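One structure is given here, and the rest of the page talks about it.
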Amino acid sequence: MNLHEYQGKNILHSFGIKVPLGKVARTPYEAITMAKKITKTTGSNIWIVKAQIHAGGRGKGGGIKMAKSLKEVYEISSKIIGMRLITPQTPKEGKLVHRVMIGQDVYYKGKSEIKEYYISILIDRNKEKNIIMYSQEGGVDIEQIAKESQEQILIEEIDPYFGIFDFQAKKIAFNMKLPTQVFKEFIIFIKTLYKAYVASDASMIEINPLLKTSDNKIIAVDTKVVIDDNALYRHPDYAALRDIDEEDPYEVEAAKAGLNFVKLDSNVGCIVNGAGLAMATMDLIKLSGVSPANFLDVGGTVDAHRVEKAVCILLKDKTISAIFINIFGGIVRCDTIAQGIIAANQIIEGGIHVPLIVRLQGTNAKEAKKMIDQSRLCVHYVVTLKEAAAKIKEILI
Amino acid sequence: MSILVNKNSRVIVQGFTGKEGTFHSQQMINYGTLLVGGITPGKGGNKHLNLPIFDTVEQAIKATRANVSILFVPPAFAADAIMEAAYAEIDLIICITEGIPISDMLKVKQYLKHRNSRLIGPNCPGVITSEESKVGIMPGFVFKRGGVGIVSKSGTLTYEAAYQIVKSGYGISTAIGIGGDPIIGTNMQEVISLFMEDSETDAIVMIGEIGGQIETQAAQWVKESLNKKPIIGFIAGKTAPKGRTMGHAGAIVGDKNETAEIKIDILRDCGINVVESPAEIGVTVAKVLSYRRNKI
């Protein structure tokens, strides 16, 4: 589960990581109130206004701005709240910004030089270990650095049993060429960060930039925290942070019905059982010369109602030009699926209005075919995947 | 021969009396699997499906000489149940459970390093040796006996492949679903190497998908290994968008080496016969095997 920047920072702060003082606002008026509150603590009259969306590269899209007066806080917030922010990581049409975070400016001038670094903790599937990825070049696009000067990015593998050793923390500090004055604080920081990563069941924590301030503090200026969905049952407080405004409304509705659904940008819908077969079905649609509108896995414990719901959700998208239902019944019975299709046809006003290509193979396939034949629902019945591909071509091309 | 399980495998079920456990235990018994008991902590001493229930895996092994355990334990308790089975020194652990936290699996993998048990899964359909033993949730009737071994990250796609192979006039020796999670017990290369040594397996079908690198790692191992059996491959997810999880927790493109296109290229480079379309698995197996037969 992705978190907003402010949510991730709150979690890290609860473990003792230093983050800039920040407060969330949903309106420009609220933004001013929050800015005043921050000034009470910091005494500074410079604030950073940051759009809160689930995507990186916000600065590039105009979603992060510095304000030097309360008037500017108001103006910038009015502009950002409600805008469709387009960054390299958002969909083409951008993402609607519902709230901003008003943050303390930590780039103040002082005795020593300010410097930005990069740190992330994530899982390496191949090594089956958590790794710390770090660079003395922070603040900028890490993918850019990875492309242009890979030697700048270093990796430290962490033992799953022992966790991070002191010598590893020191090694990272040396490699990042940190000034000696902040060494001690950094070692505490990195060990705390790893502790937070494990304790919060995160699958990724990225801090970019990590800042050494002019008065030698180590501060996590921007953070991205992703929590392992499978571990959310252990963290009801984090589970409550889910922001469904950031998700596709169809996907939210599908998830509620127990369907595993990913919306894509095209027009041939598909309903499949099993994630692998669902991906393969999408590939088959593409090989037939058209493009899949979605990924949809009805799951292993599907009932007729869930199938009915799947058809209804797909047909909410008016650009859908056909639906391919591909079920390989094992535990899932084909007659259950047929029942769902027939029910959907009755529920939908005017019936299912797009061509239906149906393949029900495996357990109770014969009974299913009989049910569909008797229902007089108009479908293109196919037996093999090869026939399905040919039928898709015939109907749509 | 076949691999991992056969008609002599003595199977116990962890999470025996739950809804899933009960349903699939009955299905396995119907298939002919030698089920010898099950574990549900707190219900030891009773019977379920005419088989004894035990409180711990240790007791179950002692009483039944079981050598395979299949798990239908809920995700919150599954990691501990896997480690319990390994602690009791069972040979093979097959974990069906989907949704185990990834940090739990890191622990499990670490623990298994010091044990002699093999883990298949989690988040998998299990293992079936056709017409002998089904230790999983797959529809048994699809798997007719024959010389093709299947290793796959996916459940229904395995059934689809088996169906196509049988339709083309061939059959399955053993089919293994290794699971769709980012961290799994036994990887593709290990299963392929078992198939290479198996006298009953003439050809191997490997079914992968986007995410991770176990397919390419297996392919590179195949290229370097001496034992050559034909391998037919399919990689699902060419149309999957980057950065999205496609059903399986592990089916997500992390970096550029994890896309379907790159995997297909590498597999082909290593001599694996990769089919473009999921509809061509069966016919390609038939083509490869008949060509081989004619050559001999």
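Residue names in the structure tokens use chain letters A, B, ... in the order shown, residue numbers from 1 in each chain, and ligand numbers from 1 in the order shown.
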With chain B as the partner and 7 Å as the cut-off, tabulate the residues of chain A that qualify, each row holding the nearest pair of atoms and their distance in Å to one decimal, using only C-alpha atoms, sorted by chain and rising number, as a tab-separated table.
```
residue	atom	partner	partner_atom	distance
A:Arg125	CA	B:Pro182	CA	6.0
A:Asn126	CA	B:Gln213	CA	6.8
A:Glu128	CA	B:Leu106	CA	6.6
A:Lys129	CA	B:Leu106	CA	6.9
A:Pro160	CA	B:Leu106	CA	6.7
A:Asp201	CA	B:Ser103	CA	6.9
A:Asp228	CA	B:Pro101	CA	6.8
A:Asn230	CA	B:Pro101	CA	4.8
A:Ala231	CA	B:Pro101	CA	4.9
A:Asn260	CA	B:Gly247	CA	6.1
A:Gly274	CA	B:Thr156	CA	5.5
A:Ala275	CA	B:Gly247	CA	5.0
A:Gly276	CA	B:Ser154	CA	5.0
A:Leu277	CA	B:Leu157	CA	4.8
A:Met279	CA	B:Gly237	CA	5.1
A:Ala280	CA	B:Ala236	CA	5.0
A:Met282	CA	B:Thr239	CA	6.4
A:Asp283	CA	B:Thr239	CA	5.7
A:Leu284	CA	B:Ser277	CA	6.1
A:Asp297	CA	B:Gly247	CA	7.0
A:Phe328	CA	B:Thr156	CA	6.3
A:Gly330	CA	B:Pro139	CA	4.5
A:Ile331	CA	B:Pro139	CA	6.6
A:Leu385	CA	B:Ala279	CA	5.1
A:Lys386	CA	B:Ala279	CA	5.3
```
Write out, as a CSV table (one decimal), in the first residue's frame, the residues just selected, with C-alpha atoms.
```
chain,number,residue,atom,x,y,z
A,125,ARG,CA,13.9,-10.7,-4.4
A,126,ASN,CA,16.9,-12.5,-6.0
A,128,GLU,CA,16.1,-12.8,-0.6
A,129,LYS,CA,17.3,-10.1,1.7
A,160,PRO,CA,17.7,-11.1,7.7
A,201,ASP,CA,6.4,-4.1,7.7
A,228,ASP,CA,3.4,-4.7,2.5
A,230,ASN,CA,-0.1,-8.8,3.2
A,231,ALA,CA,1.1,-7.5,6.6
A,260,ASN,CA,-8.5,-8.6,-8.5
A,274,GLY,CA,-6.3,-17.1,-11.9
A,275,ALA,CA,-3.7,-14.4,-12.2
A,276,GLY,CA,-1.4,-16.2,-14.6
A,277,LEU,CA,-4.2,-17.2,-17.0
A,279,MET,CA,-2.2,-12.2,-17.9
A,280,ALA,CA,-2.0,-14.8,-20.6
A,282,MET,CA,-4.6,-10.3,-22.0
A,283,ASP,CA,-1.5,-11.3,-24.1
A,284,LEU,CA,-3.8,-13.4,-26.3
A,297,ASP,CA,-9.0,-12.4,-11.8
A,328,PHE,CA,-10.5,-22.9,-16.6
A,330,GLY,CA,-10.9,-26.7,-11.4
A,331,ILE,CA,-12.3,-25.8,-8.1
A,385,LEU,CA,-7.7,-20.6,-26.6
A,386,LYS,CA,-6.9,-20.8,-30.3
```
Quick one: residues within 8 Å of stretch 81-92 of chain B, only C-alpha atoms, excluding same-chain residues fewer than 6 positions away - as a CSV table (one decimal) with N, CA and C atoms, in the first residue's frame?
```csv
chain,number,residue,atom,x,y,z
B,4,LEU,N,9.3,-35.5,-6.7
B,4,LEU,CA,8.7,-35.0,-5.5
B,4,LEU,C,7.6,-35.8,-4.8
B,14,GLN,N,-1.8,-29.7,7.2
B,14,GLN,CA,-1.8,-28.7,8.3
B,14,GLN,C,-2.9,-27.7,8.0
B,57,VAL,N,2.9,-31.2,14.3
B,57,VAL,CA,3.4,-32.0,13.2
B,57,VAL,C,4.3,-33.1,13.7
B,58,GLU,N,5.1,-32.8,14.8
B,58,GLU,CA,6.0,-33.8,15.3
B,58,GLU,C,5.2,-35.1,15.7
B,61,ILE,N,4.0,-37.0,12.5
B,61,ILE,CA,5.0,-37.8,11.8
B,61,ILE,C,5.4,-39.0,12.6
B,66,ALA,N,4.6,-39.8,8.1
B,66,ALA,CA,4.3,-38.9,7.0
B,66,ALA,C,5.7,-38.3,6.5
B,67,ASN,N,5.8,-38.1,5.2
B,67,ASN,CA,7.0,-37.4,4.6
B,67,ASN,C,6.6,-36.2,3.8
B,68,VAL,N,5.3,-35.9,3.6
B,68,VAL,CA,4.9,-34.7,2.9
B,68,VAL,C,3.9,-34.0,3.7
B,69,SER,N,4.0,-32.7,3.8
B,69,SER,CA,2.9,-31.9,4.5
B,69,SER,C,2.4,-30.9,3.5
B,71,LEU,N,-0.1,-27.4,3.4
B,71,LEU,CA,-0.6,-26.4,4.3
B,71,LEU,C,-1.8,-25.6,3.8
B,73,VAL,N,-3.1,-23.3,6.0
B,73,VAL,CA,-3.1,-22.5,7.2
B,73,VAL,C,-3.3,-21.0,6.9
B,108,VAL,N,11.4,-17.4,7.1
B,108,VAL,CA,11.2,-18.8,6.8
B,108,VAL,C,12.4,-19.3,6.0
B,111,TYR,N,15.4,-19.8,8.1
B,111,TYR,CA,15.3,-21.0,8.9
B,111,TYR,C,15.6,-22.3,8.1
B,112,LEU,N,15.0,-22.3,6.9
B,112,LEU,CA,15.1,-23.5,6.0
B,112,LEU,C,16.5,-23.8,5.6
B,115,ARG,N,17.9,-26.5,7.6
B,115,ARG,CA,17.0,-27.7,7.8
B,115,ARG,C,17.1,-28.5,6.5
B,116,ASN,N,16.6,-29.7,6.5
B,116,ASN,CA,16.7,-30.6,5.3
B,116,ASN,C,15.3,-30.6,4.5
B,117,SER,N,14.3,-29.8,4.9
B,117,SER,CA,13.1,-29.9,4.3
B,117,SER,C,13.1,-29.0,3.0
B,118,ARG,N,12.3,-29.5,2.0
B,118,ARG,CA,12.1,-28.7,0.8
B,118,ARG,C,10.8,-28.0,0.9
B,119,LEU,N,10.7,-26.7,0.6
B,119,LEU,CA,9.4,-26.0,0.5
B,119,LEU,C,9.0,-25.7,-0.9
B,120,ILE,N,7.7,-26.0,-1.2
B,120,ILE,CA,7.1,-25.6,-2.5
B,120,ILE,C,6.1,-24.5,-2.2
```
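Nearest residue to B:Asp265, choosing from B:Asn30, B:Ile3, B:Glu215, B:Thr174 and counting only C-alpha atoms: B:Glu215.
Residue nearest B:Asp255, chosen from A:Lys391, A:Lys147, A:His235, A:Lys36 and counting only C-alpha atoms: A:Lys147.
With atom CA of A:Asp317 on one side and atom CA of A:Lys92 on the other, the separation reads 18.3 Å.
When only C-alpha atoms are used to measure the gap to A:Lys95, the shortest distance among A:Glu247, A:Ala196, A:Ile145, A:Phe183 belongs to A:Glu247.
Across B:Gly171, B:Lys287, B:Ala260, B:Lys7, the tightest approach to B:Leu34 is made by B:Lys7 when counting only C-alpha atoms.
Shell of B:Met196 at 12 Å, with only C-alpha atoms counted and residues fewer than 3 places along the chain excluded, is Ser2, Ile3, Gly147, Val148, Gly149, Ile150, Gln189, Glu190, Val191, Ile192, Ser193, Ser199, Glu200, Thr201, Asp202, Ala203, Ile204, Val205, Trp221, Val222, Ser225, Leu226, Asn227, Lys228, Lys229, Pro230 and Ile231 of chain B.
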### Message
Can you tell me which residues surround stretch 3-11 of chain A at a distance of at most 7 Å, considering only C-alpha atoms, apart from same-chain residues fewer than 6 positions away, and format the answer as a PyMOL selection string?
### Response
chain A and resi 19+52-54+101+223-226
Requested write-out: N, CA, C and O atoms of the selected residues, as an mmCIF file, in the first residue's frame:
```cif
data_model
loop_
_atom_site.group_PDB
_atom_site.id
_atom_site.type_symbol
_atom_site.label_atom_id
_atom_site.label_comp_id
_atom_site.auth_asym_id
_atom_site.auth_seq_id
_atom_site.Cartn_x
_atom_site.Cartn_y
_atom_site.Cartn_z
ATOM 1 N N VAL A 19 12.284 14.606 10.802
ATOM 2 C CA VAL A 19 11.690 15.069 9.539
ATOM 3 C C VAL A 19 11.381 16.557 9.695
ATOM 4 O O VAL A 19 11.228 17.031 10.826
ATOM 5 N N GLN A 52 0.230 16.597 -2.175
ATOM 6 C CA GLN A 52 0.251 15.234 -1.648
ATOM 7 C C GLN A 52 -0.501 14.305 -2.608
ATOM 8 O O GLN A 52 -1.730 14.245 -2.611
ATOM 9 N N ILE A 53 0.250 13.624 -3.458
ATOM 10 C CA ILE A 53 -0.329 12.600 -4.333
ATOM 11 C C ILE A 53 0.593 11.380 -4.302
ATOM 12 O O ILE A 53 1.739 11.490 -3.887
ATOM 13 N N HIS A 54 0.069 10.244 -4.740
ATOM 14 C CA HIS A 54 0.885 9.032 -4.780
ATOM 15 C C HIS A 54 1.688 8.975 -6.083
ATOM 16 O O HIS A 54 1.404 8.182 -6.953
ATOM 17 N N MET A 101 0.947 19.698 1.797
ATOM 18 C CA MET A 101 1.613 19.720 3.089
ATOM 19 C C MET A 101 2.416 21.011 3.159
ATOM 20 O O MET A 101 3.147 21.347 2.231
ATOM 21 N N THR A 223 10.129 11.658 1.762
ATOM 22 C CA THR A 223 10.105 10.213 1.995
ATOM 23 C C THR A 223 9.004 9.560 1.184
ATOM 24 O O THR A 223 7.979 10.160 0.884
ATOM 25 N N LYS A 224 9.284 8.325 0.813
ATOM 26 C CA LYS A 224 8.236 7.505 0.201
ATOM 27 C C LYS A 224 8.218 6.195 0.983
ATOM 28 O O LYS A 224 9.233 5.531 1.117
ATOM 29 N N VAL A 225 7.043 5.864 1.511
ATOM 30 C CA VAL A 225 6.922 4.637 2.295
ATOM 31 C C VAL A 225 5.858 3.746 1.666
ATOM 32 O O VAL A 225 4.758 4.216 1.358
ATOM 33 N N VAL A 226 6.193 2.489 1.430
ATOM 34 C CA VAL A 226 5.225 1.517 0.917
ATOM 35 C C VAL A 226 5.123 0.393 1.946
ATOM 36 O O VAL A 226 6.139 -0.153 2.373
#
```
